[in-house]
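model35.cif follows; it contains mmCIF, N, CA and C atoms.
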```cif
data_start
#
loop_
_atom_site.group_PDB
_atom_site.id
_atom_site.type_symbol
_atom_site.label_atom_id
_atom_site.label_comp_id
_atom_site.auth_asym_id
_atom_site.auth_seq_id
_atom_site.Cartn_x
_atom_site.Cartn_y
_atom_site.Cartn_z
ATOM 1 N N MET A 26 163.592 -35.331 126.551
ATOM 2 C CA MET A 26 163.785 -35.791 125.195
ATOM 3 C C MET A 26 165.221 -36.260 124.979
ATOM 4 N N ALA A 27 166.168 -35.632 125.677
ATOM 5 C CA ALA A 27 167.571 -36.044 125.522
ATOM 6 C C ALA A 27 167.760 -37.478 126.004
ATOM 7 N N ALA A 28 167.089 -37.837 127.093
ATOM 8 C CA ALA A 28 167.206 -39.212 127.611
ATOM 9 C C ALA A 28 166.598 -40.199 126.614
ATOM 10 N N LEU A 29 165.455 -39.862 126.037
ATOM 11 C CA LEU A 29 164.840 -40.751 125.057
ATOM 12 C C LEU A 29 165.727 -40.909 123.824
ATOM 13 N N ASP A 30 166.364 -39.820 123.419
ATOM 14 C CA ASP A 30 167.299 -39.891 122.292
ATOM 15 C C ASP A 30 168.461 -40.818 122.627
ATOM 16 N N LEU A 31 169.027 -40.659 123.816
ATOM 17 C CA LEU A 31 170.154 -41.511 124.224
ATOM 18 C C LEU A 31 169.730 -42.970 124.313
ATOM 19 N N PHE A 32 168.640 -43.252 125.015
ATOM 20 C CA PHE A 32 168.203 -44.634 125.200
ATOM 21 C C PHE A 32 167.725 -45.275 123.908
ATOM 22 N N GLY A 33 167.359 -44.443 122.933
ATOM 23 C CA GLY A 33 166.917 -44.963 121.649
ATOM 24 C C GLY A 33 168.057 -45.356 120.718
ATOM 25 N N ARG A 34 169.273 -44.988 121.069
ATOM 26 C CA ARG A 34 170.411 -45.354 120.225
ATOM 27 C C ARG A 34 170.664 -46.850 120.336
ATOM 28 N N ARG A 35 170.933 -47.440 119.201
ATOM 29 C CA ARG A 35 171.157 -48.878 119.157
ATOM 30 C C ARG A 35 172.257 -49.278 120.134
ATOM 31 N N TRP A 36 172.007 -50.310 120.905
ATOM 32 C CA TRP A 36 172.912 -50.952 121.853
ATOM 33 C C TRP A 36 173.015 -50.254 123.210
ATOM 34 N N ILE A 37 172.565 -49.025 123.346
ATOM 35 C CA ILE A 37 172.735 -48.318 124.628
ATOM 36 C C ILE A 37 172.080 -49.077 125.765
ATOM 37 N N LEU A 38 170.815 -49.437 125.604
ATOM 38 C CA LEU A 38 170.119 -50.146 126.688
ATOM 39 C C LEU A 38 170.733 -51.513 126.935
ATOM 40 N N ARG A 39 171.176 -52.172 125.899
ATOM 41 C CA ARG A 39 171.809 -53.487 126.075
ATOM 42 C C ARG A 39 173.088 -53.360 126.897
ATOM 43 N N ILE A 40 173.891 -52.366 126.600
ATOM 44 C CA ILE A 40 175.128 -52.158 127.354
ATOM 45 C C ILE A 40 174.802 -51.891 128.819
ATOM 46 N N MET A 41 173.840 -51.025 129.065
ATOM 47 C CA MET A 41 173.462 -50.736 130.446
ATOM 48 C C MET A 41 172.936 -51.985 131.139
ATOM 49 N N TRP A 42 172.161 -52.785 130.418
ATOM 50 C CA TRP A 42 171.627 -54.033 130.972
ATOM 51 C C TRP A 42 172.774 -54.952 131.383
ATOM 52 N N GLU A 43 173.768 -55.084 130.547
ATOM 53 C CA GLU A 43 174.888 -55.984 130.843
ATOM 54 C C GLU A 43 175.740 -55.480 131.996
ATOM 55 N N LEU A 44 175.754 -54.174 132.222
ATOM 56 C CA LEU A 44 176.548 -53.603 133.312
ATOM 57 C C LEU A 44 175.752 -53.459 134.610
ATOM 58 N N ARG A 45 174.490 -53.869 134.604
ATOM 59 C CA ARG A 45 173.628 -53.616 135.765
ATOM 60 C C ARG A 45 174.094 -54.318 137.031
ATOM 61 N N ASP A 46 174.736 -55.474 136.917
ATOM 62 C CA ASP A 46 175.113 -56.243 138.102
ATOM 63 C C ASP A 46 176.578 -56.118 138.492
ATOM 64 N N ARG A 47 177.423 -55.827 137.507
ATOM 65 C CA ARG A 47 178.865 -55.789 137.807
ATOM 66 C C ARG A 47 179.625 -55.095 136.689
ATOM 67 N N PRO A 48 180.805 -54.576 137.018
ATOM 68 C CA PRO A 48 181.661 -53.996 135.978
ATOM 69 C C PRO A 48 182.156 -55.079 135.029
ATOM 70 N N LEU A 49 182.381 -54.676 133.795
ATOM 71 C CA LEU A 49 182.912 -55.600 132.794
ATOM 72 C C LEU A 49 183.987 -54.897 131.975
ATOM 73 N N GLY A 50 185.005 -55.655 131.613
ATOM 74 C CA GLY A 50 186.008 -55.141 130.697
ATOM 75 C C GLY A 50 185.436 -55.067 129.293
ATOM 76 N N PHE A 51 186.188 -54.458 128.391
ATOM 77 C CA PHE A 51 185.706 -54.241 127.030
ATOM 78 C C PHE A 51 185.355 -55.555 126.336
ATOM 79 N N ARG A 52 186.284 -56.505 126.312
ATOM 80 C CA ARG A 52 186.040 -57.775 125.599
ATOM 81 C C ARG A 52 184.883 -58.576 126.204
ATOM 82 N N PRO A 53 184.833 -58.762 127.523
ATOM 83 C CA PRO A 53 183.681 -59.481 128.089
ATOM 84 C C PRO A 53 182.353 -58.778 127.786
ATOM 85 N N LEU A 54 182.363 -57.445 127.817
ATOM 86 C CA LEU A 54 181.145 -56.704 127.498
ATOM 87 C C LEU A 54 180.767 -56.916 126.035
ATOM 88 N N GLN A 55 181.748 -56.892 125.159
ATOM 89 C CA GLN A 55 181.490 -57.125 123.740
ATOM 90 C C GLN A 55 180.897 -58.519 123.521
ATOM 91 N N GLN A 56 181.425 -59.517 124.200
ATOM 92 C CA GLN A 56 180.902 -60.881 124.070
ATOM 93 C C GLN A 56 179.470 -60.975 124.584
ATOM 94 N N ARG A 57 179.192 -60.315 125.699
ATOM 95 C CA ARG A 57 177.833 -60.364 126.261
ATOM 96 C C ARG A 57 176.834 -59.613 125.378
ATOM 97 N N CYS A 58 177.336 -58.724 124.555
ATOM 98 C CA CYS A 58 176.481 -57.973 123.622
ATOM 99 C C CYS A 58 176.496 -58.627 122.251
ATOM 100 N N ASP A 59 176.546 -59.938 122.231
ATOM 101 C CA ASP A 59 176.485 -60.710 120.993
ATOM 102 C C ASP A 59 177.576 -60.334 119.997
ATOM 103 N N GLY A 60 178.732 -59.964 120.516
ATOM 104 C CA GLY A 60 179.874 -59.697 119.646
ATOM 105 C C GLY A 60 179.707 -58.491 118.740
ATOM 106 N N MET A 61 179.044 -57.433 119.211
ATOM 107 C CA MET A 61 178.910 -56.229 118.382
ATOM 108 C C MET A 61 180.301 -55.738 118.003
ATOM 109 N N SER A 62 180.387 -54.974 116.959
ATOM 110 C CA SER A 62 181.700 -54.519 116.499
ATOM 111 C C SER A 62 182.363 -53.662 117.573
ATOM 112 N N SER A 63 183.668 -53.733 117.621
ATOM 113 C CA SER A 63 184.406 -52.979 118.631
ATOM 114 C C SER A 63 184.251 -51.481 118.427
ATOM 115 N N SER A 64 184.144 -51.032 117.170
ATOM 116 C CA SER A 64 183.996 -49.586 116.942
ATOM 117 C C SER A 64 182.649 -49.079 117.444
ATOM 118 N N VAL A 65 181.584 -49.853 117.249
ATOM 119 C CA VAL A 65 180.263 -49.441 117.745
ATOM 120 C C VAL A 65 180.245 -49.473 119.270
ATOM 121 N N LEU A 66 180.791 -50.516 119.860
ATOM 122 C CA LEU A 66 180.830 -50.593 121.318
ATOM 123 C C LEU A 66 181.614 -49.421 121.894
ATOM 124 N N GLN A 67 182.754 -49.104 121.303
ATOM 125 C CA GLN A 67 183.561 -47.981 121.802
ATOM 126 C C GLN A 67 182.794 -46.671 121.700
ATOM 127 N N GLN A 68 182.084 -46.457 120.591
ATOM 128 C CA GLN A 68 181.299 -45.229 120.426
ATOM 129 C C GLN A 68 180.186 -45.151 121.464
ATOM 130 N N ARG A 69 179.489 -46.253 121.689
ATOM 131 C CA ARG A 69 178.394 -46.245 122.671
ATOM 132 C C ARG A 69 178.930 -46.053 124.090
ATOM 133 N N LEU A 70 180.061 -46.661 124.392
ATOM 134 C CA LEU A 70 180.664 -46.443 125.718
ATOM 135 C C LEU A 70 181.087 -44.985 125.873
ATOM 136 N N ASN A 71 181.605 -44.391 124.818
ATOM 137 C CA ASN A 71 181.951 -42.960 124.861
ATOM 138 C C ASN A 71 180.702 -42.130 125.113
ATOM 139 N N ASP A 72 179.595 -42.471 124.428
ATOM 140 C CA ASP A 72 178.325 -41.758 124.643
ATOM 141 C C ASP A 72 177.891 -41.872 126.100
ATOM 142 N N LEU A 73 177.958 -43.078 126.639
ATOM 143 C CA LEU A 73 177.519 -43.303 128.015
ATOM 144 C C LEU A 73 178.437 -42.635 129.030
ATOM 145 N N GLN A 74 179.714 -42.567 128.736
ATOM 146 C CA GLN A 74 180.631 -41.863 129.635
ATOM 147 C C GLN A 74 180.390 -40.350 129.563
ATOM 148 N N ALA A 75 180.166 -39.826 128.360
ATOM 149 C CA ALA A 75 179.927 -38.391 128.190
ATOM 150 C C ALA A 75 178.643 -37.945 128.887
ATOM 151 N N THR A 76 177.676 -38.854 128.984
ATOM 152 C CA THR A 76 176.404 -38.527 129.633
ATOM 153 C C THR A 76 176.384 -38.930 131.108
ATOM 154 N N LEU A 77 177.533 -39.338 131.623
ATOM 155 C CA LEU A 77 177.730 -39.635 133.047
ATOM 156 C C LEU A 77 176.965 -40.856 133.541
ATOM 157 N N LEU A 78 176.645 -41.796 132.636
ATOM 158 C CA LEU A 78 175.947 -43.009 133.043
ATOM 159 C C LEU A 78 176.892 -44.187 133.232
ATOM 160 N N VAL A 79 178.074 -44.126 132.634
ATOM 161 C CA VAL A 79 179.079 -45.184 132.739
ATOM 162 C C VAL A 79 180.424 -44.538 133.011
ATOM 163 N N GLU A 80 181.243 -45.239 133.786
ATOM 164 C CA GLU A 80 182.606 -44.803 134.066
ATOM 165 C C GLU A 80 183.507 -46.030 134.068
ATOM 166 N N ARG A 81 184.797 -45.774 134.096
ATOM 167 C CA ARG A 81 185.753 -46.879 134.195
ATOM 168 C C ARG A 81 186.272 -46.932 135.621
ATOM 169 N N ASP A 82 186.414 -48.152 136.132
ATOM 170 C CA ASP A 82 186.937 -48.300 137.489
ATOM 171 C C ASP A 82 188.458 -48.356 137.449
ATOM 172 N N ALA A 83 189.068 -48.526 138.605
ATOM 173 C CA ALA A 83 190.536 -48.513 138.704
ATOM 174 C C ALA A 83 191.178 -49.625 137.885
ATOM 175 N N ALA A 84 190.470 -50.721 137.684
ATOM 176 C CA ALA A 84 190.999 -51.844 136.901
ATOM 177 C C ALA A 84 190.753 -51.660 135.405
ATOM 178 N N GLY A 85 190.055 -50.588 135.017
ATOM 179 C CA GLY A 85 189.785 -50.330 133.608
ATOM 180 C C GLY A 85 188.481 -50.907 133.102
ATOM 181 N N ALA A 86 187.713 -51.560 133.980
ATOM 182 C CA ALA A 86 186.419 -52.120 133.580
ATOM 183 C C ALA A 86 185.375 -51.012 133.544
ATOM 184 N N TYR A 87 184.350 -51.232 132.767
ATOM 185 C CA TYR A 87 183.247 -50.280 132.674
ATOM 186 C C TYR A 87 182.188 -50.637 133.708
ATOM 187 N N ARG A 88 181.636 -49.596 134.336
ATOM 188 C CA ARG A 88 180.588 -49.814 135.324
ATOM 189 C C ARG A 88 179.609 -48.644 135.271
ATOM 190 N N LEU A 89 178.406 -48.909 135.745
ATOM 191 C CA LEU A 89 177.410 -47.856 135.824
ATOM 192 C C LEU A 89 177.777 -46.880 136.937
ATOM 193 N N THR A 90 177.537 -45.612 136.700
ATOM 194 C CA THR A 90 177.671 -44.608 137.751
ATOM 195 C C THR A 90 176.401 -44.644 138.595
ATOM 196 N N ALA A 91 176.350 -43.815 139.611
ATOM 197 C CA ALA A 91 175.129 -43.717 140.416
ATOM 198 C C ALA A 91 173.952 -43.308 139.527
ATOM 199 N N LEU A 92 174.172 -42.370 138.601
ATOM 200 C CA LEU A 92 173.107 -41.976 137.675
ATOM 201 C C LEU A 92 172.709 -43.140 136.770
ATOM 202 N N GLY A 93 173.670 -43.908 136.324
ATOM 203 C CA GLY A 93 173.386 -45.073 135.481
ATOM 204 C C GLY A 93 172.578 -46.115 136.230
ATOM 205 N N ARG A 94 172.923 -46.348 137.500
ATOM 206 C CA ARG A 94 172.158 -47.298 138.314
ATOM 207 C C ARG A 94 170.743 -46.791 138.538
ATOM 208 N N ASP A 95 170.605 -45.477 138.754
ATOM 209 C CA ASP A 95 169.266 -44.887 138.905
ATOM 210 C C ASP A 95 168.445 -45.083 137.632
ATOM 211 N N ALA A 96 169.074 -44.880 136.485
ATOM 212 C CA ALA A 96 168.368 -45.059 135.210
ATOM 213 C C ALA A 96 167.900 -46.502 135.068
ATOM 214 N N CYS A 97 168.768 -47.452 135.382
ATOM 215 C CA CYS A 97 168.374 -48.871 135.305
ATOM 216 C C CYS A 97 167.222 -49.165 136.244
ATOM 217 N N HIS A 98 167.274 -48.584 137.432
ATOM 218 C CA HIS A 98 166.181 -48.780 138.394
ATOM 219 C C HIS A 98 164.867 -48.247 137.818
ATOM 220 N N GLU A 99 164.904 -47.089 137.229
ATOM 221 C CA GLU A 99 163.698 -46.491 136.655
ATOM 222 C C GLU A 99 163.189 -47.297 135.464
ATOM 223 N N LEU A 100 164.095 -47.907 134.719
ATOM 224 C CA LEU A 100 163.705 -48.689 133.539
ATOM 225 C C LEU A 100 163.084 -50.033 133.907
ATOM 226 N N ARG A 101 163.197 -50.444 135.168
ATOM 227 C CA ARG A 101 162.606 -51.716 135.582
ATOM 228 C C ARG A 101 161.103 -51.737 135.374
ATOM 229 N N GLY A 102 160.443 -50.591 135.510
ATOM 230 C CA GLY A 102 159.011 -50.521 135.226
ATOM 231 C C GLY A 102 158.712 -50.868 133.779
ATOM 232 N N LEU A 103 159.568 -50.426 132.884
ATOM 233 C CA LEU A 103 159.406 -50.764 131.469
ATOM 234 C C LEU A 103 159.634 -52.255 131.238
ATOM 235 N N VAL A 104 160.576 -52.837 131.969
ATOM 236 C CA VAL A 104 160.816 -54.284 131.861
ATOM 237 C C VAL A 104 159.590 -55.052 132.330
ATOM 238 N N ARG A 105 159.000 -54.641 133.460
ATOM 239 C CA ARG A 105 157.795 -55.313 133.959
ATOM 240 C C ARG A 105 156.655 -55.188 132.955
ATOM 241 N N TRP A 106 156.489 -53.995 132.379
ATOM 242 C CA TRP A 106 155.455 -53.808 131.374
ATOM 243 C C TRP A 106 155.717 -54.687 130.155
ATOM 244 N N SER A 107 156.956 -54.756 129.695
ATOM 245 C CA SER A 107 157.256 -55.558 128.505
ATOM 246 C C SER A 107 157.012 -57.043 128.764
ATOM 247 N N ASP A 108 157.221 -57.505 129.998
ATOM 248 C CA ASP A 108 156.897 -58.898 130.344
ATOM 249 C C ASP A 108 155.394 -59.144 130.225
ATOM 250 N N ARG A 109 154.587 -58.201 130.711
ATOM 251 C CA ARG A 109 153.132 -58.336 130.601
ATOM 252 C C ARG A 109 152.700 -58.288 129.134
ATOM 253 N N TRP A 110 153.313 -57.421 128.374
ATOM 254 C CA TRP A 110 153.005 -57.300 126.953
ATOM 255 C C TRP A 110 153.331 -58.602 126.213
ATOM 256 N N ALA A 111 154.513 -59.151 126.469
ATOM 257 C CA ALA A 111 154.909 -60.409 125.822
ATOM 258 C C ALA A 111 153.946 -61.534 126.180
ATOM 259 N N ALA A 112 153.541 -61.584 127.447
ATOM 260 C CA ALA A 112 152.599 -62.625 127.872
ATOM 261 C C ALA A 112 151.266 -62.459 127.147
ATOM 262 N N GLU A 113 150.815 -61.235 127.008
ATOM 263 C CA GLU A 113 149.556 -60.978 126.300
ATOM 264 C C GLU A 113 149.678 -61.379 124.832
ATOM 265 N N LEU A 114 150.783 -61.063 124.207
ATOM 266 C CA LEU A 114 150.996 -61.457 122.812
ATOM 267 C C LEU A 114 151.021 -62.969 122.667
ATOM 268 N N ASP A 115 151.614 -63.651 123.644
ATOM 269 C CA ASP A 115 151.672 -65.115 123.606
ATOM 270 C C ASP A 115 150.289 -65.746 123.719
ATOM 271 N N ARG A 116 149.365 -65.067 124.367
ATOM 272 C CA ARG A 116 148.006 -65.601 124.532
ATOM 273 C C ARG A 116 147.147 -65.401 123.290
ATOM 274 N N GLN A 117 147.593 -64.593 122.360
ATOM 275 C CA GLN A 117 146.814 -64.314 121.156
ATOM 276 C C GLN A 117 146.877 -65.490 120.187
ATOM 277 N N PRO A 118 145.804 -65.726 119.443
ATOM 278 C CA PRO A 118 145.817 -66.808 118.453
ATOM 279 C C PRO A 118 146.914 -66.574 117.414
ATOM 280 N N THR A 119 147.493 -67.659 116.945
ATOM 281 C CA THR A 119 148.591 -67.539 115.979
ATOM 282 C C THR A 119 148.097 -67.170 114.591
ATOM 283 N N ASP A 120 146.820 -67.341 114.316
ATOM 284 C CA ASP A 120 146.301 -66.999 112.994
ATOM 285 C C ASP A 120 145.871 -65.535 112.908
ATOM 286 N N ARG A 121 146.151 -64.782 113.944
ATOM 287 C CA ARG A 121 145.809 -63.360 113.956
ATOM 288 C C ARG A 121 146.688 -62.639 112.941
ATOM 289 N N PRO A 122 146.106 -61.747 112.128
ATOM 290 C CA PRO A 122 146.920 -61.053 111.129
ATOM 291 C C PRO A 122 147.940 -60.138 111.795
ATOM 292 N N THR A 123 149.076 -60.009 111.156
ATOM 293 C CA THR A 123 150.111 -59.135 111.672
ATOM 294 C C THR A 123 149.836 -57.715 111.208
ATOM 295 N N ALA A 124 150.412 -56.773 111.910
ATOM 296 C CA ALA A 124 150.239 -55.381 111.547
ATOM 297 C C ALA A 124 150.895 -55.122 110.207
ATOM 298 N N GLY A 125 150.300 -54.303 109.431
ATOM 299 C CA GLY A 125 150.831 -53.961 108.126
ATOM 300 C C GLY A 125 150.032 -52.829 107.549
ATOM 301 N N PRO A 126 150.311 -52.499 106.315
ATOM 302 C CA PRO A 126 149.552 -51.395 105.702
ATOM 303 C C PRO A 126 148.093 -51.795 105.520
ATOM 304 N N PRO A 127 147.191 -50.823 105.565
ATOM 305 C CA PRO A 127 145.769 -51.133 105.356
ATOM 306 C C PRO A 127 145.557 -51.612 103.933
ATOM 307 N N PRO A 128 144.523 -52.438 103.722
ATOM 308 C CA PRO A 128 144.243 -52.923 102.372
ATOM 309 C C PRO A 128 143.926 -51.754 101.433
ATOM 310 N N SER A 129 144.274 -51.907 100.188
ATOM 311 C CA SER A 129 143.991 -50.869 99.194
ATOM 312 C C SER A 129 142.496 -50.776 98.963
ATOM 313 N N ALA A 130 142.032 -49.557 98.739
ATOM 314 C CA ALA A 130 140.592 -49.332 98.492
ATOM 315 C C ALA A 130 140.281 -49.465 97.029
#
```
Starting from the file, lay out its structure as structure tokens.
Amino acid sequence: MAALDLFGRRWILRIMWELRDRPLGFRPLQQRCDGMSSSVLQQRLNDLQATLLVERDAAGAYRLTALGRDACHELRGLVRWSDRWAAELDRQPTDRPTAGPPPSA
């Protein structure tokens, strides 16, 4: 449940996604995250460092730890599922009603 709580926090998965291939400094990471506020990015990086998923390298850039890389690897199954889900949604007729509250009785 702790992992679900962490991954459910806004921007956490996005930050991990952006760090999956290479370390990034604060500003480049902020730009890749659609310019999120610096205070939110700093808080999320602190969360990820406290949970041992992100660390800073000798140059000061942020990078995934071995645990962070393992988490990204495990999340790839969710990415594959979400691709299948998106494709299925795309195949649905556009006049299909959207989810909402049930009609009043």
Since I can't run it myself right now, could you work out what the PyMOL selection byres ((chain A and resi 50-56) around 8) selects here and report it as a VMD selection string? chain A and resid 40 43 to 44 47 to 49 57 to 63 66 84 to 88
Alpha helix (DSSP H) residues, from DSSP on the backbone, in region 76-119 of chain A, as a short mmCIF file (atom, residue, chain, number, x, y, z; two decimals) with N, CA and C atoms, in the frame of the given file:
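Here's the written file out-v2.cif:
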```cif
data_model
loop_
_atom_site.label_atom_id
_atom_site.label_comp_id
_atom_site.auth_asym_id
_atom_site.auth_seq_id
_atom_site.Cartn_x
_atom_site.Cartn_y
_atom_site.Cartn_z
N ALA A 91 176.35 -43.82 139.61
CA ALA A 91 175.13 -43.72 140.42
C ALA A 91 173.95 -43.31 139.53
N LEU A 92 174.17 -42.37 138.60
CA LEU A 92 173.11 -41.98 137.68
C LEU A 92 172.71 -43.14 136.77
N GLY A 93 173.67 -43.91 136.32
CA GLY A 93 173.39 -45.07 135.48
C GLY A 93 172.58 -46.12 136.23
N ARG A 94 172.92 -46.35 137.50
CA ARG A 94 172.16 -47.30 138.31
C ARG A 94 170.74 -46.79 138.54
N ASP A 95 170.60 -45.48 138.75
CA ASP A 95 169.27 -44.89 138.90
C ASP A 95 168.44 -45.08 137.63
N ALA A 96 169.07 -44.88 136.49
CA ALA A 96 168.37 -45.06 135.21
C ALA A 96 167.90 -46.50 135.07
N CYS A 97 168.77 -47.45 135.38
CA CYS A 97 168.37 -48.87 135.30
C CYS A 97 167.22 -49.16 136.24
N HIS A 98 167.27 -48.58 137.43
CA HIS A 98 166.18 -48.78 138.39
C HIS A 98 164.87 -48.25 137.82
N GLU A 99 164.90 -47.09 137.23
CA GLU A 99 163.70 -46.49 136.66
C GLU A 99 163.19 -47.30 135.46
N LEU A 100 164.10 -47.91 134.72
CA LEU A 100 163.71 -48.69 133.54
C LEU A 100 163.08 -50.03 133.91
N ARG A 101 163.20 -50.44 135.17
CA ARG A 101 162.61 -51.72 135.58
C ARG A 101 161.10 -51.74 135.37
N GLY A 102 160.44 -50.59 135.51
CA GLY A 102 159.01 -50.52 135.23
C GLY A 102 158.71 -50.87 133.78
N LEU A 103 159.57 -50.43 132.88
CA LEU A 103 159.41 -50.76 131.47
C LEU A 103 159.63 -52.26 131.24
N VAL A 104 160.58 -52.84 131.97
CA VAL A 104 160.82 -54.28 131.86
C VAL A 104 159.59 -55.05 132.33
N ARG A 105 159.00 -54.64 133.46
CA ARG A 105 157.79 -55.31 133.96
C ARG A 105 156.66 -55.19 132.96
N TRP A 106 156.49 -54.00 132.38
CA TRP A 106 155.46 -53.81 131.37
C TRP A 106 155.72 -54.69 130.16
N SER A 107 156.96 -54.76 129.70
CA SER A 107 157.26 -55.56 128.50
C SER A 107 157.01 -57.04 128.76
N ASP A 108 157.22 -57.50 130.00
CA ASP A 108 156.90 -58.90 130.34
C ASP A 108 155.39 -59.14 130.22
N ARG A 109 154.59 -58.20 130.71
CA ARG A 109 153.13 -58.34 130.60
C ARG A 109 152.70 -58.29 129.13
N TRP A 110 153.31 -57.42 128.37
CA TRP A 110 153.00 -57.30 126.95
C TRP A 110 153.33 -58.60 126.21
N ALA A 111 154.51 -59.15 126.47
CA ALA A 111 154.91 -60.41 125.82
C ALA A 111 153.95 -61.53 126.18
N ALA A 112 153.54 -61.58 127.45
CA ALA A 112 152.60 -62.62 127.87
C ALA A 112 151.27 -62.46 127.15
N GLU A 113 150.82 -61.24 127.01
CA GLU A 113 149.56 -60.98 126.30
C GLU A 113 149.68 -61.38 124.83
N LEU A 114 150.78 -61.06 124.21
CA LEU A 114 151.00 -61.46 122.81
C LEU A 114 151.02 -62.97 122.67
N ASP A 115 151.61 -63.65 123.64
CA ASP A 115 151.67 -65.11 123.61
C ASP A 115 150.29 -65.75 123.72
N ARG A 116 149.36 -65.07 124.37
CA ARG A 116 148.01 -65.60 124.53
C ARG A 116 147.15 -65.40 123.29
#
```
- Message: For the PyMOL selection byres (((chain A and resi 72-77 and name CA) around 8) and name CA), applied here, can you spell out every residue it catches as a list in words?
- Response: Ile37, Gln68, Arg69, Leu70, Asn71, Leu78, Val79, Glu80, Thr90, Leu92 and Gly93 of chain A
For Ala91 (chain A), which residue out of A:Leu38, A:Val65, A:Arg45, A:Trp106 is the nearest one, using only C-alpha atoms?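 For Ala91 (chain A), the nearest of the candidates is A:Arg45.
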One decimal place gives the CA of Ala111 (chain A)-CA of Ala28 (chain A) separation as 24.6 Å
Run DSSP on the backbone of this structure and report the residues of chain A it assigns to strand (DSSP E), as a VMD selection string. chain A and resid 79 to 81 87 to 89
Review point. What does the distance between CA of Asp95 (chain A) and atom C of Ala27 (chain A) come to in Å, to one decimal place?
Key: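 Those two atoms sit 15.0 Å apart.
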Fill in: Coordinates-based distance that separates CA of Trp42 (chain A) from atom N of Arg101 (chain A) (Å, one decimal)
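Rounded to one decimal, the two atoms are 10.1 Å apart.
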Please enclose the listed atoms of region 41-54 of chain A in an axis-aligned box, pad each side by 3 Å, and write out the centre and the three edge lengths in Å, rounded to one decimal, as AutoDock Vina command-line options.
```
--center_x 179.0 --center_y -55.1 --center_z 132.0 --size_x 20.7 --size_y 14.7 --size_z 18.9
```
